[in-house]
Amino acid sequence: MRLSVWTAGRLLAKWGFTPQKPTRRAFEQDSQEVRSWLRRQYPAIRALARREKALIFWADEMGLRGDHATGRSFSLQGQTPVILGTGQRFRCNLISALTNRGLLQFMVFKERCTVAVFLKFLRRLLRQNRRRIFLIIDNHPVHLARATLRWFKTRRQQLRVYFLPGYSPELNPDEYLNQDVKTNAVGRTRPLDRKEMISNVRAYLRSTQTHHSLVRRYFQAEHVRYASV
């Protein structure tokens, strides 16, 4: 059967299909591993955390660039709008961890994300939370480094670590915090230098930190709603 473009468009609309920006999914993702995480592994982690009265933190790292821009602007048809910003290139990095109860902790830093930096953040996380922590992270090389795994073993009484399925960032609620920071703390502010960018990011995160309801919203996205309770 041959259909015109217009007929195909009408049929798709009738069936509820709309043009949308697709999300990316890695070829390497194991769908069976993801199903196991959603149906068995995470429910078991949640049940154990309730029995032990532990906090479940989801953590992640992100790099931020000063030339990142986001949003749209009005202009005459055929004339691309121009946004002024510095031509300098600078960046910083962020580590954050959050819970579905609205707790948020973060660290903004200039150097690369190394084992030493990651462990510094975890020590701070343990100091600031007296309850036992269940930490859920991805398979970043820093997380799997020998020095990091040895450190985990020395903190078994305070910390239990779980790893997300490989190539599955959409399962981590902290990714939605990352998107929020990248869009609103950097992309819409256009900082003039790294000092200003770091100041903007810290101010935005401190404001978010004081509003637990805002942090809980990151758990309402479709792919992470399973972690909201």
# chains A, B, ... in the order shown; residues from 1 in each chain; ligands from 1

$ residues_around --residues "Tyr226 of chain A" --least-positions-apart "2" --cutoff "10 Å" --atoms "only C-alpha atoms" --output "NGL selection string"
:A and (38-39 or 42-43 or 171 or 173 or 219-224 or 228-229)

$ residues_around --residues "Ile137 of chain A" --least-positions-apart "6" --cutoff "7 Å" --atoms "only C-alpha atoms" --output "VMD selection string"
chain A and resid 58 to 60 162 to 164

$ write_last_selection --atoms "C-alpha atoms" --output "CSV table (one decimal), in the first residue's frame"
chain,number,residue,atom,x,y,z
A,58,TRP,CA,22.1,8.4,44.6
A,59,ALA,CA,25.3,10.0,43.5
A,60,ASP,CA,26.9,11.2,40.3
A,162,TYR,CA,25.5,-0.6,45.0
A,163,PHE,CA,26.2,-0.2,41.3
A,164,LEU,CA,23.6,0.7,38.6

$ closest_residue --among "A:Arg130, A:Arg51, A:Arg91, A:Lys21" --to "Lys182 of chain A" --atoms "only C-alpha atoms"
A:Arg91

$ residues_around --residues "Ser96 of chain A" --least-positions-apart "6" --cutoff "8 Å" --atoms "only C-alpha atoms" --output "list of chain:residue names"
A:Ala59, A:Asp60, A:Glu61, A:Leu104, A:Gln105, A:Phe106, A:Met107, A:Asp174

$ write_last_selection --atoms "C-alpha atoms" --output "PDB file, in the first residue's frame"
ATOM      1  CA  ALA A  59      25.347  10.042  43.504  1.00  0.00           C
ATOM      2  CA  ASP A  60      26.930  11.197  40.263  1.00  0.00           C
ATOM      3  CA  GLU A  61      29.634  13.460  38.829  1.00  0.00           C
ATOM      4  CA  LEU A 104      21.006  17.019  48.824  1.00  0.00           C
ATOM      5  CA  GLN A 105      24.747  17.295  49.306  1.00  0.00           C
ATOM      6  CA  PHE A 106      27.275  18.484  46.759  1.00  0.00           C
ATOM      7  CA  MET A 107      30.851  19.559  46.131  1.00  0.00           C
ATOM      8  CA  ASP A 174      20.925  12.546  40.172  1.00  0.00           C
TER       9      ASP A 174
END

$ closest_residue --among "A:Trp6, A:Phe74, A:Trp15, A:Phe90" --to "Lys195 of chain A" --atoms "only C-alpha atoms"
A:Phe90

$ residues_around --residues "Arg206 of chain A" --least-positions-apart "4" --cutoff "12 Å" --atoms "only C-alpha atoms" --output "JSON, numbers by chain"
{"A": [96, 103, 104, 105, 106, 107, 108, 181, 185, 199, 200, 201, 202, 210, 211, 212, 214, 215]}

$ select_by_dssp --residues "segment 1-154 of chain A" --states "helix (DSSP H, G or I)" --output "VMD selection string"
chain A and resid 5 to 14 31 to 52 115 to 127 141 to 144 146 to 154

$ closest_residue --among "A:Ser207, A:Asn129, A:Asn139, A:Thr99" --to "Tyr167 of chain A" --atoms "only C-alpha atoms"
A:Asn139

$ residues_around --residues "Ile198 of chain A" --least-positions-apart "6" --cutoff "10 Å" --atoms "only C-alpha atoms" --output "count of residues only"
13

$ atom_distance --atom1 "atom CA of Ser168 of chain A" --atom2 "atom CA of Phe27 of chain A"
10.6 Å

$ residues_around --residues "Ser213 of chain A" --least-positions-apart "6" --cutoff "10 Å" --atoms "only C-alpha atoms" --output "number ranges by chain"
A: 100-103

$ write_last_selection --atoms "N, CA and C atoms" --output "mmCIF file, in the first residue's frame"
data_model
loop_
_atom_site.group_PDB
_atom_site.id
_atom_site.type_symbol
_atom_site.label_atom_id
_atom_site.label_comp_id
_atom_site.auth_asym_id
_atom_site.auth_seq_id
_atom_site.Cartn_x
_atom_site.Cartn_y
_atom_site.Cartn_z
ATOM 1 N N ASN A 100 15.410 10.475 48.069
ATOM 2 C CA ASN A 100 14.022 10.762 47.708
ATOM 3 C C ASN A 100 13.264 11.447 48.831
ATOM 4 N N ARG A 101 13.930 11.670 49.968
ATOM 5 C CA ARG A 101 13.340 12.458 51.059
ATOM 6 C C ARG A 101 13.654 13.946 50.909
ATOM 7 N N GLY A 102 14.472 14.288 49.900
ATOM 8 C CA GLY A 102 14.774 15.692 49.658
ATOM 9 C C GLY A 102 16.115 16.158 50.170
ATOM 10 N N LEU A 103 16.959 15.249 50.651
ATOM 11 C CA LEU A 103 18.293 15.632 51.099
ATOM 12 C C LEU A 103 19.217 15.760 49.896
#

$ residues_around --residues "segment 30-33 of chain A" --least-positions-apart "2" --cutoff "8 Å" --atoms "only C-alpha atoms" --output "ChimeraX atom specification"
/A:28,35-37,165-166

$ write_last_selection --atoms "C-alpha atoms" --output "PDB file, in the first residue's frame"
ATOM      1  CA  GLU A  28      25.828  -1.612  25.182  1.00  0.00           C
ATOM      2  CA  ARG A  35      14.777  -5.334  34.252  1.00  0.00           C
ATOM      3  CA  SER A  36      16.534  -7.249  37.023  1.00  0.00           C
ATOM      4  CA  TRP A  37      17.510  -3.967  38.677  1.00  0.00           C
ATOM      5  CA  PRO A 165      23.366  -1.429  35.461  1.00  0.00           C
ATOM      6  CA  GLY A 166      25.972  -0.378  32.916  1.00  0.00           C
TER       7      GLY A 166
END

$ select_by_dssp --residues "segment 130-228 of chain A" --states "strand (DSSP E or B)" --output "PyMOL selection string"
chain A and resi 133-137+159-163

$ write_last_selection --atoms "C-alpha atoms" --output "PDB file, in the first residue's frame"
ATOM      1  CA  ILE A 133      24.180   5.191  54.071  1.00  0.00           C
ATOM      2  CA  PHE A 134      23.357   3.017  51.087  1.00  0.00           C
ATOM      3  CA  LEU A 135      25.100   4.641  48.121  1.00  0.00           C
ATOM      4  CA  ILE A 136      23.993   3.946  44.538  1.00  0.00           C
ATOM      5  CA  ILE A 137      26.467   4.935  41.825  1.00  0.00           C
ATOM      6  CA  LEU A 159      28.446   2.621  54.044  1.00  0.00           C
ATOM      7  CA  ARG A 160      27.096   0.042  51.610  1.00  0.00           C
ATOM      8  CA  VAL A 161      27.660   0.623  47.901  1.00  0.00           C
ATOM      9  CA  TYR A 162      25.545  -0.589  44.984  1.00  0.00           C
ATOM     10  CA  PHE A 163      26.210  -0.181  41.276  1.00  0.00           C
TER      11      PHE A 163
END

$ closest_residue --among "A:Pro22, A:Arg89, A:Trp151, A:Val82" --to "Met197 of chain A" --atoms "only C-alpha atoms"
A:Arg89

$ closest_residue --among "A:Leu98, A:Ala49, A:Leu144, A:Met62" --to "Val115 of chain A" --atoms "only C-alpha atoms"
A:Leu144

$ atom_distance --atom1 "atom CA of Pro19 of chain A" --atom2 "atom CA of Val34 of chain A"
26.8 Å

$ closest_residue --among "A:Arg150, A:Arg131, A:His143, A:Arg225" --to "Lys53 of chain A" --atoms "only C-alpha atoms"
A:Arg131

$ atom_distance --atom1 "atom CA of Asn172 of chain A" --atom2 "atom CA of Leu48 of chain A"
19.2 Å
